[in-house]
Structure formats: C-alpha cells, structure tokens
file structure-v2.tsv (TSV, C-alpha atoms)
chain	number	residue	atom	x	y	z
G	246	MET	CA	0.00	0.00	0.00
G	247	PHE	CA	1.37	3.39	-1.02
G	248	GLU	CA	1.99	5.42	2.15
G	249	TYR	CA	2.41	9.12	1.55
G	250	PHE	CA	2.02	9.61	5.32
G	251	PRO	CA	4.00	6.79	6.98
G	252	GLY	CA	1.96	5.13	9.71
G	253	ASN	CA	-1.26	7.15	9.17
G	254	TYR	CA	-3.59	4.58	7.62
G	255	VAL	CA	-6.60	6.92	7.47
G	256	TRP	CA	-4.85	9.71	5.58
G	257	ASN	CA	-3.10	7.24	3.29
G	258	LEU	CA	-6.47	5.69	2.45
G	259	SER	CA	-7.77	9.12	1.47
G	260	VAL	CA	-4.78	9.64	-0.81
G	261	LEU	CA	-5.34	6.26	-2.45
G	262	ILE	CA	-9.06	6.89	-2.93
G	263	THR	CA	-8.28	10.24	-4.53
G	264	LEU	CA	-5.71	8.80	-6.92
G	265	GLN	CA	-7.99	5.89	-7.84
G	266	ASN	CA	-10.81	8.32	-8.60
G	267	GLY	CA	-9.06	10.65	-11.00
G	268	GLY	CA	-6.84	12.84	-8.85
G	269	THR	CA	-3.45	13.70	-10.30
G	270	ILE	CA	-0.25	12.86	-8.43
G	271	GLY	CA	1.03	16.43	-8.72
G	272	GLU	CA	-2.11	17.99	-7.26
G	273	VAL	CA	-2.33	15.39	-4.49
G	274	ASP	CA	1.29	16.10	-3.60
G	275	GLU	CA	0.53	19.82	-3.60
G	276	ALA	CA	-2.27	19.22	-1.10
G	277	CYS	CA	-0.37	16.78	1.11
G	278	ARG	CA	3.13	18.19	1.28
G	279	PRO	CA	2.25	21.11	3.65
G	280	ILE	CA	0.56	18.77	6.16
G	281	ARG	CA	3.11	15.98	6.46
G	282	GLU	CA	4.00	16.92	10.02
G	283	ALA	CA	0.32	17.21	10.99
G	284	ALA	CA	-0.23	13.63	9.82
G	285	ALA	CA	1.97	12.34	12.63
G	286	GLY	CA	-0.47	13.64	15.23
G	287	GLY	CA	-2.94	10.76	14.90
G	288	VAL	CA	-6.10	10.01	12.96
G	289	ASP	CA	-8.23	12.84	14.33
G	290	ALA	CA	-5.57	15.49	14.79
G	291	GLY	CA	-4.84	17.73	11.83
G	292	THR	CA	-8.10	17.22	9.94
G	293	GLU	CA	-8.68	20.97	9.80
G	294	GLN	CA	-5.25	21.41	8.19
G	295	PHE	CA	-6.09	18.53	5.86
G	296	PHE	CA	-9.26	20.30	4.74
G	297	ALA	CA	-7.54	23.66	4.30
G	298	ALA	CA	-4.70	22.20	2.23
G	299	TRP	CA	-6.95	20.19	-0.08
G	300	SER	CA	-9.42	23.07	-0.42
G	301	ALA	CA	-6.60	25.36	-1.52
G	302	VAL	CA	-5.83	23.04	-4.43
G	303	ALA	CA	-9.52	22.88	-5.30
G	304	ASP	CA	-9.77	26.68	-5.25
G	305	ARG	CA	-6.82	26.96	-7.63
G	306	LEU	CA	-8.44	24.48	-10.02
G	307	VAL	CA	-11.76	26.33	-9.93
G	308	ALA	CA	-10.00	29.57	-10.88
G	309	LEU	CA	-8.26	27.82	-13.77
G	310	ALA	CA	-11.52	26.22	-14.90
G	311	GLN	CA	-13.17	29.62	-14.96
G	312	GLU	CA	-10.38	30.89	-17.21
G	313	ASP	CA	-10.94	27.92	-19.51
G	314	GLU	CA	-14.66	28.68	-19.66
G	315	GLU	CA	-14.00	32.30	-20.60
G	316	ARG	CA	-11.99	31.05	-23.58
G	317	GLY	CA	-14.67	28.56	-24.53
G	318	TRP	CA	-12.56	25.55	-23.55
G	319	THR	CA	-15.42	23.74	-21.86
G	320	LEU	CA	-13.94	20.24	-21.95
G	321	SER	CA	-10.81	21.36	-20.11
G	322	ALA	CA	-12.91	23.39	-17.68
G	323	GLY	CA	-15.09	20.38	-16.97
G	324	GLU	CA	-12.12	18.18	-16.09
G	325	LYS	CA	-10.79	20.78	-13.65
G	326	TYR	CA	-14.16	21.28	-11.98
G	327	ARG	CA	-14.49	17.53	-11.48
G	328	ARG	CA	-11.06	17.22	-9.89
G	329	ALA	CA	-11.81	20.20	-7.63
G	330	ALA	CA	-15.00	18.46	-6.54
G	331	LEU	CA	-13.10	15.23	-5.86
G	332	TYR	CA	-10.58	16.99	-3.61
G	333	LEU	CA	-13.33	18.80	-1.72
G	334	LEU	CA	-15.36	15.63	-1.19
G	335	ASN	CA	-12.40	13.66	0.09
G	336	ALA	CA	-11.52	16.52	2.45
G	337	GLU	CA	-15.14	16.84	3.61
G	338	ARG	CA	-15.47	13.15	4.52
G	339	MET	CA	-12.54	13.54	6.94
G	340	GLN	CA	-14.21	16.28	8.98
G	341	SER	CA	-16.15	16.09	12.22
G	342	VAL	CA	-19.92	15.93	11.90
G	343	HIS	CA	-19.95	18.99	14.15
G	344	LYS	CA	-18.01	21.13	11.68
G	345	PRO	CA	-20.47	24.04	11.20
G	346	ASP	CA	-19.83	24.67	7.51
G	347	ARG	CA	-19.54	21.04	6.46
G	348	LEU	CA	-22.85	20.96	4.57
G	349	ALA	CA	-21.95	24.10	2.63
G	350	HIS	CA	-18.63	22.54	1.55
G	351	TYR	CA	-20.43	19.37	0.46
G	352	GLN	CA	-22.98	21.32	-1.57
G	353	ARG	CA	-20.22	23.31	-3.23
G	354	ALA	CA	-18.45	20.09	-4.20
G	355	ILE	CA	-21.61	18.61	-5.71
G	356	ASP	CA	-22.32	21.81	-7.64
G	357	LEU	CA	-18.78	21.71	-9.05
G	358	GLN	CA	-19.13	18.01	-9.86
G	359	HIS	CA	-22.34	18.53	-11.79
G	360	ARG	CA	-20.95	21.56	-13.63
G	361	GLY	CA	-17.86	19.58	-14.55
G	362	MET	CA	-19.88	16.63	-15.79
G	363	ARG	CA	-22.00	18.84	-18.03
G	364	LEU	CA	-19.08	20.80	-19.46
G	365	ALA	CA	-17.03	17.63	-20.03
G	366	ARG	CA	-20.05	16.04	-21.73
G	367	ASP	CA	-19.92	12.97	-19.52
G	368	PRO	CA	-22.25	10.18	-20.70
G	369	VAL	CA	-24.01	10.24	-17.33
G	370	GLU	CA	-27.53	11.25	-16.30
G	371	ILE	CA	-28.08	13.06	-12.99
G	372	VAL	CA	-31.21	11.43	-11.55
G	373	GLU	CA	-33.22	11.05	-8.34
G	374	VAL	CA	-34.66	7.79	-7.00
G	375	PRO	CA	-37.97	8.26	-5.12
G	376	TYR	CA	-37.76	6.72	-1.65
G	377	GLU	CA	-40.27	6.90	1.20
G	378	GLY	CA	-41.30	10.50	0.67
G	379	ALA	CA	-37.79	11.70	-0.22
G	380	THR	CA	-35.31	11.03	-3.01
G	381	LEU	CA	-31.91	9.37	-3.28
G	382	PRO	CA	-29.35	11.25	-5.44
G	383	ALA	CA	-28.02	9.05	-8.21
G	384	TYR	CA	-26.17	8.87	-11.52
G	385	PHE	CA	-27.15	6.64	-14.43
G	386	MET	CA	-24.65	5.50	-17.06
G	387	LYS	CA	-25.98	3.67	-20.11
G	388	ALA	CA	-24.62	0.47	-21.58
G	389	ARG	CA	-22.57	0.67	-24.76
G	390	ASN	CA	-22.19	-1.50	-27.84
G	391	PRO	CA	-18.72	-2.81	-28.81
G	392	ASP	CA	-18.37	0.14	-31.21
G	393	GLY	CA	-18.97	2.61	-28.38
G	394	THR	CA	-22.51	3.62	-29.32
G	395	VAL	CA	-25.28	3.56	-26.73
G	396	VAL	CA	-27.27	0.32	-26.63
G	397	ASP	CA	-30.57	0.84	-28.45
G	398	GLY	CA	-33.22	-0.84	-26.35
G	399	ARG	CA	-33.16	-2.60	-23.02
G	400	ALA	CA	-29.84	-3.54	-21.40
G	401	PRO	CA	-28.98	-5.21	-18.10
G	402	CYS	CA	-28.28	-2.83	-15.25
G	403	VAL	CA	-26.36	-2.88	-11.97
G	404	VAL	CA	-27.43	-0.84	-8.94
G	405	GLN	CA	-24.31	0.21	-7.04
G	406	TRP	CA	-24.25	1.35	-3.40
G	407	ASN	CA	-21.71	3.10	-1.19
G	408	GLY	CA	-19.96	1.92	1.92
G	409	PHE	CA	-19.81	3.58	5.32
G	410	ASP	CA	-18.43	6.96	4.22
G	411	SER	CA	-18.16	7.07	0.44
G	412	PHE	CA	-20.11	8.88	-2.28
G	413	LYS	CA	-21.64	8.05	-5.64
G	414	GLU	CA	-18.92	10.30	-7.05
G	415	HIS	CA	-16.38	7.73	-5.88
G	416	MET	CA	-18.25	5.06	-7.84
G	417	LEU	CA	-18.22	7.20	-10.95
G	418	GLY	CA	-14.55	8.08	-10.51
G	419	SER	CA	-13.55	4.45	-9.94
G	420	LEU	CA	-14.37	3.77	-13.63
G	421	PHE	CA	-16.27	0.61	-12.64
G	422	PRO	CA	-19.45	1.93	-14.35
G	423	HIS	CA	-17.38	2.71	-17.45
G	424	GLU	CA	-16.07	-0.87	-17.49
G	425	LEU	CA	-19.62	-2.18	-17.14
G	426	ALA	CA	-20.81	0.10	-19.94
G	427	ARG	CA	-18.07	-1.25	-22.25
G	428	ARG	CA	-19.44	-4.74	-21.50
G	429	GLY	CA	-23.04	-3.83	-22.33
G	430	VAL	CA	-24.27	-3.20	-18.76
G	431	SER	CA	-25.77	0.04	-17.43
G	432	THR	CA	-25.14	1.33	-13.90
G	433	LEU	CA	-27.32	3.21	-11.41
G	434	MET	CA	-24.96	4.73	-8.83
G	435	VAL	CA	-26.91	5.67	-5.70
G	436	ASP	CA	-26.26	7.61	-2.51
G	437	GLN	CA	-28.32	5.24	-0.39
G	438	PRO	CA	-29.58	6.18	3.12
G	439	GLY	CA	-26.67	6.91	5.45
G	440	THR	CA	-24.36	8.15	2.69
G	441	GLY	CA	-23.63	11.12	0.47
G	442	GLY	CA	-26.49	13.43	-0.39
G	443	ALA	CA	-29.13	11.11	1.08
G	444	LEU	CA	-27.63	11.69	4.53
G	445	ARG	CA	-26.46	15.27	4.13
G	446	LEU	CA	-29.30	16.82	2.13
G	447	SER	CA	-32.30	14.66	3.07
G	448	GLN	CA	-31.23	13.53	6.57
G	449	LEU	CA	-31.86	9.88	5.67
G	450	PRO	CA	-29.88	7.63	8.04
G	451	ALA	CA	-28.74	4.11	7.29
G	452	THR	CA	-31.17	1.27	7.88
G	453	VAL	CA	-30.57	-2.40	8.59
G	454	GLU	CA	-33.26	-3.34	6.05
G	455	SER	CA	-31.49	-2.40	2.81
G	456	GLU	CA	-34.19	-4.18	0.82
G	457	ARG	CA	-36.36	-1.11	1.44
G	458	TYR	CA	-34.25	1.15	-0.73
G	459	GLY	CA	-33.33	-1.81	-2.92
G	460	ALA	CA	-37.01	-2.03	-3.86
G	461	ALA	CA	-37.07	1.73	-4.53
G	462	CYS	CA	-34.11	1.40	-6.93
G	463	VAL	CA	-35.79	-1.43	-8.84
G	464	ASP	CA	-39.06	0.53	-8.93
G	465	TYR	CA	-37.18	3.46	-10.45
G	466	LEU	CA	-35.51	1.31	-13.12
G	467	LEU	CA	-38.50	-0.75	-14.27
G	468	PRO	CA	-40.38	2.05	-16.10
G	469	ARG	CA	-37.24	3.08	-18.00
G	470	GLY	CA	-37.29	1.85	-21.55
G	471	ASP	CA	-33.55	1.17	-21.54
G	472	VAL	CA	-33.35	-1.38	-18.69
G	473	ASP	CA	-34.02	-5.10	-18.95
G	474	PRO	CA	-36.33	-5.86	-15.98
G	475	GLN	CA	-35.08	-9.45	-15.79
G	476	ARG	CA	-31.42	-8.47	-15.51
G	477	ILE	CA	-31.03	-5.97	-12.65
G	478	GLY	CA	-28.18	-6.67	-10.23
G	479	VAL	CA	-26.90	-5.04	-7.07
G	480	VAL	CA	-23.29	-4.30	-6.10
G	481	GLY	CA	-22.13	-2.81	-2.82
G	482	TRP	CA	-18.62	-2.02	-1.69
G	483	SER	CA	-17.27	-1.83	1.87
G	484	LEU	CA	-20.34	-1.59	4.15
G	485	GLY	CA	-22.26	-2.03	0.91
G	486	GLY	CA	-20.95	-5.60	1.16
G	487	TYR	CA	-23.61	-5.98	3.85
G	488	TYR	CA	-26.30	-3.87	2.19
G	489	ALA	CA	-26.20	-5.57	-1.23
G	490	PRO	CA	-26.55	-9.22	-0.15
G	491	ARG	CA	-29.18	-8.27	2.42
G	492	ALA	CA	-31.20	-6.62	-0.37
G	493	ALA	CA	-30.67	-9.52	-2.80
G	494	ALA	CA	-31.87	-11.97	-0.16
G	495	PHE	CA	-35.22	-10.24	0.36
G	496	GLU	CA	-35.83	-8.20	-2.83
G	497	LYS	CA	-36.25	-11.04	-5.30
G	498	ARG	CA	-36.28	-8.82	-8.38
G	499	PHE	CA	-32.49	-8.54	-8.19
G	500	ALA	CA	-30.93	-11.03	-10.60
G	501	LEU	CA	-27.36	-11.06	-9.23
G	502	CYS	CA	-25.37	-9.70	-6.30
G	503	VAL	CA	-21.78	-8.66	-5.58
G	504	SER	CA	-20.19	-7.98	-2.20
G	505	TRP	CA	-17.18	-5.85	-3.14
G	506	GLY	CA	-15.50	-6.42	0.18
G	507	ALA	CA	-17.43	-8.81	2.40
G	508	ASN	CA	-19.08	-7.34	5.46
G	509	HIS	CA	-20.74	-10.35	6.97
G	510	ARG	CA	-20.83	-9.26	10.63
G	511	TRP	CA	-20.41	-5.50	10.58
G	512	GLY	CA	-22.04	-5.06	13.97
G	513	GLU	CA	-19.67	-7.53	15.60
G	514	THR	CA	-16.75	-5.77	13.93
G	515	GLN	CA	-17.85	-2.54	15.62
G	516	ARG	CA	-18.01	-4.27	18.98
G	517	ARG	CA	-14.44	-5.49	18.55
G	518	ARG	CA	-13.33	-2.05	17.36
G	519	LEU	CA	-14.79	-0.40	20.43
G	520	GLN	CA	-13.05	-2.91	22.70
G	521	ARG	CA	-9.64	-2.46	21.16
G	522	GLU	CA	-9.95	1.14	19.84
G	523	GLY	CA	-8.33	0.01	16.61
G	524	GLU	CA	-7.89	1.70	13.27
G	525	ASN	CA	-10.58	4.14	12.21
G	526	PRO	CA	-11.79	4.22	8.62
G	527	VAL	CA	-12.41	7.96	9.07
G	528	PRO	CA	-11.52	10.44	11.81
G	529	HIS	CA	-14.07	11.11	14.56
G	530	TYR	CA	-15.26	7.57	13.95
G	531	TRP	CA	-17.93	7.11	16.57
G	532	ASP	CA	-19.52	10.53	16.04
G	533	HIS	CA	-19.62	9.71	12.35
G	534	ALA	CA	-21.16	6.29	13.00
G	535	LEU	CA	-23.93	7.75	15.16
G	536	TRP	CA	-24.70	10.27	12.43
G	537	VAL	CA	-24.75	7.63	9.68
G	538	TRP	CA	-27.11	5.34	11.60
G	539	GLY	CA	-29.25	8.11	13.10
G	540	GLN	CA	-28.48	7.20	16.69
G	541	ASP	CA	-28.36	9.57	19.65
G	542	SER	CA	-25.95	7.63	21.88
G	543	MET	CA	-23.52	4.74	21.87
G	544	ASP	CA	-25.94	2.76	24.03
G	545	ASP	CA	-28.60	3.07	21.35
G	546	PHE	CA	-26.10	2.30	18.60
G	547	GLU	CA	-24.85	-0.86	20.30
G	548	LYS	CA	-28.41	-2.20	20.36
G	549	LEU	CA	-28.31	-2.26	16.55
G	550	TRP	CA	-25.13	-4.25	16.19
G	551	ASP	CA	-26.57	-7.73	16.56
G	552	ARG	CA	-29.00	-6.95	13.73
G	553	ILE	CA	-26.30	-5.85	11.27
G	554	THR	CA	-25.29	-9.35	10.25
G	555	LEU	CA	-25.65	-11.64	7.26
G	556	ASP	CA	-26.02	-14.76	9.40
G	557	GLY	CA	-29.36	-16.22	8.37
G	558	VAL	CA	-29.52	-13.82	5.43
G	559	VAL	CA	-27.12	-14.96	2.69
G	560	GLU	CA	-28.69	-18.42	2.93
G	561	GLN	CA	-31.71	-16.80	1.25
G	562	ILE	CA	-29.83	-15.47	-1.77
G	563	THR	CA	-31.11	-17.46	-4.75
G	564	VAL	CA	-29.27	-15.59	-7.53
G	565	PRO	CA	-25.61	-15.61	-8.65
G	566	TYR	CA	-23.42	-14.13	-5.89
G	567	LEU	CA	-19.81	-12.88	-6.12
G	568	ILE	CA	-17.78	-12.05	-3.01
G	569	THR	CA	-14.45	-10.26	-3.40
G	570	HIS	CA	-12.00	-9.28	-0.65
G	571	GLY	CA	-8.47	-8.05	-0.17
G	572	ALA	CA	-6.17	-10.56	1.51
G	573	ASN	CA	-4.71	-7.82	3.74
G	574	ASP	CA	-7.94	-5.93	4.50
G	575	ARG	CA	-7.27	-4.08	7.77
G	576	GLN	CA	-10.86	-3.00	8.33
G	577	ILE	CA	-12.93	-6.13	7.69
G	578	PRO	CA	-11.44	-9.59	8.37
G	579	VAL	CA	-11.06	-11.89	5.40
G	580	ALA	CA	-12.91	-14.49	7.46
G	581	ASP	CA	-16.09	-12.53	6.71
G	582	ALA	CA	-15.66	-13.29	3.01
G	583	HIS	CA	-15.31	-17.01	3.67
G	584	ARG	CA	-18.31	-16.96	6.00
G	585	SER	CA	-20.53	-15.32	3.38
G	586	TYR	CA	-19.41	-17.81	0.74
G	587	GLU	CA	-19.91	-20.83	2.98
G	588	GLN	CA	-23.43	-19.78	3.94
G	589	ALA	CA	-24.69	-18.76	0.47
G	590	THR	CA	-25.59	-22.33	-0.41
G	591	ALA	CA	-28.81	-21.48	-2.28
G	592	SER	CA	-26.99	-19.34	-4.85
G	593	PRO	CA	-26.82	-21.14	-8.20
G	594	LYS	CA	-23.49	-19.48	-9.00
G	595	ARG	CA	-21.42	-18.38	-6.03
G	596	GLU	CA	-17.82	-17.34	-6.28
G	597	LEU	CA	-15.23	-16.12	-3.78
G	598	LYS	CA	-12.28	-14.09	-5.01
G	599	ILE	CA	-9.52	-13.14	-2.55
G	600	PHE	CA	-7.11	-10.65	-4.10
G	601	THR	CA	-3.50	-11.42	-3.18
G	602	GLU	CA	-0.19	-9.68	-3.79
G	603	HIS	CA	-0.01	-11.56	-7.10
G	604	GLU	CA	-3.07	-9.74	-8.52
G	605	GLY	CA	-2.79	-6.58	-6.43
G	606	GLY	CA	-5.63	-5.04	-4.46
G	607	VAL	CA	-4.99	-6.62	-1.06
G	608	GLU	CA	-6.30	-3.69	1.03
G	609	HIS	CA	-9.86	-2.74	1.94
G	610	VAL	CA	-12.06	-2.72	-1.19
G	611	ASN	CA	-8.82	-3.20	-3.16
G	612	SER	CA	-8.04	0.48	-2.58
G	613	ASP	CA	-4.32	-0.08	-3.21
G	614	ASP	CA	-4.95	-1.34	-6.77
G	615	GLN	CA	-8.65	-0.96	-7.54
G	616	PRO	CA	-8.77	-1.16	-11.37
G	617	ASN	CA	-7.91	-4.87	-11.41
G	618	ALA	CA	-10.76	-5.68	-9.04
G	619	ALA	CA	-13.14	-3.40	-10.93
G	620	ARG	CA	-12.46	-5.17	-14.22
G	621	PHE	CA	-12.67	-8.62	-12.61
G	622	THR	CA	-16.07	-7.75	-11.19
G	623	ALA	CA	-17.25	-6.17	-14.44
G	624	ASP	CA	-16.25	-9.33	-16.32
G	625	TRP	CA	-18.11	-11.51	-13.81
G	626	VAL	CA	-21.25	-9.38	-14.12
G	627	ALA	CA	-21.08	-9.38	-17.92
G	628	GLU	CA	-20.51	-13.14	-18.01
G	629	THR	CA	-23.43	-13.73	-15.66
G	630	PHE	CA	-25.77	-11.44	-17.59
G	631	GLY	CA	-24.63	-12.88	-20.92
G	632	THR	CA	-23.18	-9.72	-22.44
G	633	THR	CA	-19.74	-9.36	-23.97
G	634	THR	CA	-16.56	-9.76	-21.91
G	635	ALA	CA	-14.32	-9.43	-24.98

call {"tool": "encode", "arguments": {"input": "structure-v2.tsv", "output": "structure tokens"}}
result
Amino acid sequence: MFEYFPGNYVWNLSVLITLQNGGTIGEVDEACRPIREAAAGGVDAGTEQFFAAWSAVADRLVALAQEDEERGWTLSAGEKYRRAALYLLNAERMQSVHKPDRLAHYQRAIDLQHRGMRLARDPVEIVEVPYEGATLPAYFMKARNPDGTVVDGRAPCVVQWNGFDSFKEHMLGSLFPHELARRGVSTLMVDQPGTGGALRLSQLPATVESERYGAACVDYLLPRGDVDPQRIGVVGWSLGGYYAPRAAAFEKRFALCVSWGANHRWGETQRRRLQREGENPVPHYWDHALWVWGQDSMDDFEKLWDRITLDGVVEQITVPYLITHGANDRQIPVADAHRSYEQATASPKRELKIFTEHEGGVEHVNSDDQPNAARFTADWVAETFGTTTA
C-alpha cells in the first residue's frame, strides 16, 4: 500500500481513494506536502489542516476552470471542476460531523461536480430515485455497444451502493461503471440512506433493512425503456458488502449480487473495534457512526449491532453471488468473506475471489490497486448477464 504519510492509515487511504478516482499525483502532492507533520499527530488530529490544504488546491483548479470557460474551452474546464469536486469531497469526509460549515462545503463540491460533468459532456444522467417521501441522489450511465454507441433498447443494469463513508462520485470516478458500460451493462450509482447526499441533504440515516431502498431502486428502473427488468443486479462495496446481499436476499427482483468487500458481521466488527480502539476508517469515527445510523448515543447504537449481520440472510440469496475481498484488509477480516461464501448455499453461481499480492488489491475494497478488481467484477457481471466480456 502506497503510504504518503507513513503510519497514518486513514490519511493514506484518502490519498489512495483520490488517486484511484481521478486525482493527479502532482495535485495530491501539492495538497499533502504542507501537512506531512500534521499527519503524525494521529487520525483525528490535523483534519482541519487537511481540509484547508486540499481546499486550496480545489480553489486553484476552480480559478483555472473559470479561465478555460472564458476562452470557450469547456472540456478542459469540466475536467478541472471535477477534480476540484473530488478533492473537496475527500476533504469533507474527513471532517467532524460537528463542523459548522460542512454541509456548505459538500454542496459546493456537488455543484462543481455537476458543472464539470456537463461541461465535459460525460455520458451520465443526474437522476433522483424516489424513496419513502424523499429522493436518493443518483447517476445513471448507459450500456454501450462494442463500437462505443449507446445500446438501443433494453440492457442489463447494476445498482451500485456506497460503503460507510463514500459517495456516488467515488463510484463514478472508480471507472467501474465505465467498465460495465463497455461490457453492455448500465449502472445506477446511488447515494443510499446513510451516505452522500441522502444523509447530508435529506437527513436519511442508514437502515438495517437495505431491501427497502433496494425495492425503490428497482421501482425506479422498471419504467425506464432502456433497462431489462429481468437483468437488474446489485453491487455494494465496503459496508455495501452488507447492504447488497441483504437486499438480494429479500428483494427477489435482483438477478445477481456482488459484495465488493465482504461485510458479513459489521455489527460484531464494531463491537471489537470499540473494545480495542483500533484503526478508524475515518476520523471522529464514533460521532460519524452515530450520524450515519441516526443514533443519539452509543448505548442506542450498540443495540443495533446484533441486527447488522448476514447470518441467516445470505442463505436466502437465490441468484448468482460474487464475493471479493483483499487478503490484507485491515478493516474487515477476510474471514467474513469465507463466512458469506460458505453460507450462500442457495446461490446457483457463487464465487469467492480473494485478491492477493499476485493480482494486487490486497487492502480494503482493493483500494491499493482498484482497477484490477473493478475489471474482474465487471467481467463476472457481464458473463453472468450474458453480455460481452471481450
């Protein structure tokens, strides 16, 4: 794993996420170099400096993008706006939930993201999924033919969900939807409850019963004339490795499922984390967790943990099921991946893929070498749906 900040797993993970999602090495270095000393202070210390340094790079890019726009260079402007948004989002996710201007920074990042997408002419629709009186922000990318043209008619589609603290923009930046599109599969990237805009803009916390918003996603896709209703799958990474199989088990309209990083007993993992005060996936971890799950206290939160499990759940998955995991995942034990595979006995096509040093991608959600895992998963989905993997 590339360690820009030796010994600071949390900050290094942010650097890797940024680079995997379209950040440039020069701009990331520009943001990180002034805060190297601050990184040695621990996972929570220095997050304000982190935000200031990354925001400064974003501000510079916005100014350059505006100059491009004035000259009519909209494609170049769009690329700069998107990178500015990426840096702001990755800085925002590191901040305390009590940061007073956090929502304003998030909204600015999304505005820049959408402006960049439009100017760069990205082949992506900005959509909203109706859900229990609110909406879930989402992006839709259409399947492509081998010659690069959009599929005319109905194509299979994958619904993709976030983890504990990621955004639909990370999904888009990971290029996984692009790889699916090249293989004839569309993607609906969703900020589900507890993540992204669903949490920040609509105050929708996470729920144990992911089949609720799974049903909403399928309901959104069915009336579209470009989605095959018999070939809708669900993919979730990180904590989405719990959400996706839970949904596939109880929302029977899903035709396949992928746990991109198994999360079989997330609640038990939290119990162990609290006991040992181990590595945090983000700073201010417990405050963030309470916010994500809509809990007022740790006592209330702990009462949820025994319910956030796939024991007794994956046994009810009756569609093809892929589980991937990094061999050196420091957040979720690899034993979770084996447990999910061993219990998913009703799946007609189950597969477990542990990424080793040989393939690359041994860290959490393959964050140290994500493209290999993304293409492996895209090939598996295409093979299962019967589209091209060539």

call {"tool": "atom_distance", "arguments": {"input": "structure-v2.tsv", "atom1": "atom CA of Pro279 of chain G", "atom2": "atom CA of Tyr351 of chain G"}}
result
23.0 Å

call {"tool": "residues_around", "arguments": {"input": "structure-v2.tsv", "residues": "Phe247 of chain G", "least_positions_apart": "5", "cutoff": "9 Å", "atoms": "only C-alpha atoms", "output": "list in words"}}
result
Asn257, Leu258, Val260, Leu261 and Asp613 of chain G

call {"tool": "write_last_selection", "arguments": {"input": "structure-v2.tsv", "atoms": "C-alpha atoms", "output": "tab-separated table (two decimals), in the coordinates of the input"}}
result
chain	number	residue	atom	x	y	z
G	257	ASN	CA	-3.10	7.24	3.29
G	258	LEU	CA	-6.47	5.69	2.45
G	260	VAL	CA	-4.78	9.64	-0.81
G	261	LEU	CA	-5.34	6.26	-2.45
G	613	ASP	CA	-4.32	-0.08	-3.21

call {"tool": "residues_near_point", "arguments": {"input": "structure-v2.tsv", "point": "(-13.6, 18.4, -11.9)", "cutoff": "7 Å", "atoms": "all atoms listed in the file", "output": "JSON list (two decimals) with C-alpha atoms, keeping the file's coordinate frame"}}
result
[["chain", "number", "residue", "atom", "x", "y", "z"],
["G", 323, "GLY", "CA", -15.09, 20.38, -16.97],
["G", 324, "GLU", "CA", -12.12, 18.18, -16.09],
["G", 325, "LYS", "CA", -10.79, 20.78, -13.65],
["G", 326, "TYR", "CA", -14.16, 21.28, -11.98],
["G", 327, "ARG", "CA", -14.49, 17.53, -11.48],
["G", 328, "ARG", "CA", -11.06, 17.22, -9.89],
["G", 329, "ALA", "CA", -11.81, 20.20, -7.63],
["G", 330, "ALA", "CA", -15.00, 18.46, -6.54],
["G", 331, "LEU", "CA", -13.10, 15.23, -5.86],
["G", 357, "LEU", "CA", -18.78, 21.71, -9.05],
["G", 358, "GLN", "CA", -19.13, 18.01, -9.86],
["G", 361, "GLY", "CA", -17.86, 19.58, -14.55]]

call {"tool": "residues_around", "arguments": {"input": "structure-v2.tsv", "residues": "Leu444 of chain G", "least_positions_apart": "3", "cutoff": "12 Å", "atoms": "all atoms listed in the file", "output": "PyMOL selection string"}}
result
chain G and resi 342+348+351+379-382+407+409-412+435-441+447-452+533-539

call {"tool": "atom_distance", "arguments": {"input": "structure-v2.tsv", "atom1": "atom CA of Ala623 of chain G", "atom2": "atom CA of Asp471 of chain G"}}
result
19.2 Å

call {"tool": "atom_distance", "arguments": {"input": "structure-v2.tsv", "atom1": "atom CA of Asn573 of chain G", "atom2": "atom CA of Leu333 of chain G"}}
result
28.5 Å

call {"tool": "axis_aligned_box", "arguments": {"input": "structure-v2.tsv", "around": "segment 495-499 of chain G", "padding_each_side": "5 Å", "output": "lines of an AutoDock Vina configuration file"}}
result
center_x = -34.4
center_y = -9.6
center_z = -4.0
size_x = 13.8
size_y = 12.8
size_z = 18.7

call {"tool": "residues_around", "arguments": {"input": "structure-v2.tsv", "residues": "Arg347 of chain G", "least_positions_apart": "5", "cutoff": "10 Å", "atoms": "all atoms listed in the file", "output": "ChimeraX atom specification"}}
result
/G:337-338,340-342,352-353,445

call {"tool": "residues_around", "arguments": {"input": "structure-v2.tsv", "residues": "Ala589 of chain G", "least_positions_apart": "3", "cutoff": "7 Å", "atoms": "all atoms listed in the file", "output": "list in words"}}
result
Val559, Glu560, Ile562, Ser585, Tyr586 and Ser592 of chain G

call {"tool": "closest_residue", "arguments": {"input": "structure-v2.tsv", "among": "G:Met416, G:Ala388, G:Val374, G:Ala494", "to": "Leu466 of chain G", "atoms": "all atoms listed in the file"}}
result
G:Val374

call {"tool": "closest_residue", "arguments": {"input": "structure-v2.tsv", "among": "G:Leu417, G:Ala572, G:Val404, G:Ala276", "to": "Leu501 of chain G", "atoms": "all atoms listed in the file"}}
result
G:Val404

call {"tool": "closest_residue", "arguments": {"input": "structure-v2.tsv", "among": "G:Glu314, G:Asp614, G:Glu602, G:Glu424", "to": "Lys387 of chain G", "atoms": "only C-alpha atoms"}}
result
G:Glu424

call {"tool": "residues_around", "arguments": {"input": "structure-v2.tsv", "residues": "Val403 of chain G", "least_positions_apart": "3", "cutoff": "6 Å", "atoms": "all atoms listed in the file", "output": "NGL selection string"}}
result
:G and (432 or 477-479)

call {"tool": "residues_near_point", "arguments": {"input": "structure-v2.tsv", "point": "(-30.6, -1.4, -23.7)", "cutoff": "12 Å", "atoms": "only C-alpha atoms", "output": "ChimeraX atom specification"}}
result
/G:386-390,394-402,426,428-432,466,469-474,476-477,632

call {"tool": "closest_residue", "arguments": {"input": "structure-v2.tsv", "among": "G:His350, G:Lys344, G:His415, G:Lys594", "to": "Ala303 of chain G", "atoms": "only C-alpha atoms"}}
result
G:His350

call {"tool": "closest_residue", "arguments": {"input": "structure-v2.tsv", "among": "G:Gln561, G:Gln576, G:Asn266, G:Thr622", "to": "Ser419 of chain G", "atoms": "all atoms listed in the file"}}
result
G:Asn266

call {"tool": "build_atoms", "arguments": {"input": "structure-v2.tsv", "residues": "segment 617-624 of chain G", "atoms": "N, CA and C atoms", "output": "compact mmCIF listing (two decimals), in the coordinates of the input"}}
result
# COMPACT_ATOMS: atom_id res chain seq x y z
N ASN G 617 -7.88 -3.43 -11.15
CA ASN G 617 -7.91 -4.87 -11.41
C ASN G 617 -9.18 -5.50 -10.87
N ALA G 618 -9.55 -5.13 -9.65
CA ALA G 618 -10.76 -5.68 -9.04
C ALA G 618 -12.00 -5.20 -9.78
N ALA G 619 -11.98 -3.94 -10.21
CA ALA G 619 -13.14 -3.40 -10.93
C ALA G 619 -13.38 -4.17 -12.23
N ARG G 620 -12.31 -4.46 -12.95
CA ARG G 620 -12.46 -5.17 -14.22
C ARG G 620 -12.84 -6.64 -13.99
N PHE G 621 -12.28 -7.25 -12.94
CA PHE G 621 -12.67 -8.62 -12.61
C PHE G 621 -14.17 -8.69 -12.35
N THR G 622 -14.65 -7.76 -11.55
CA THR G 622 -16.07 -7.75 -11.19
C THR G 622 -16.93 -7.44 -12.41
N ALA G 623 -16.50 -6.49 -13.23
CA ALA G 623 -17.25 -6.17 -14.44
C ALA G 623 -17.33 -7.38 -15.37
N ASP G 624 -16.24 -8.13 -15.49
CA ASP G 624 -16.25 -9.33 -16.32
C ASP G 624 -17.22 -10.38 -15.76
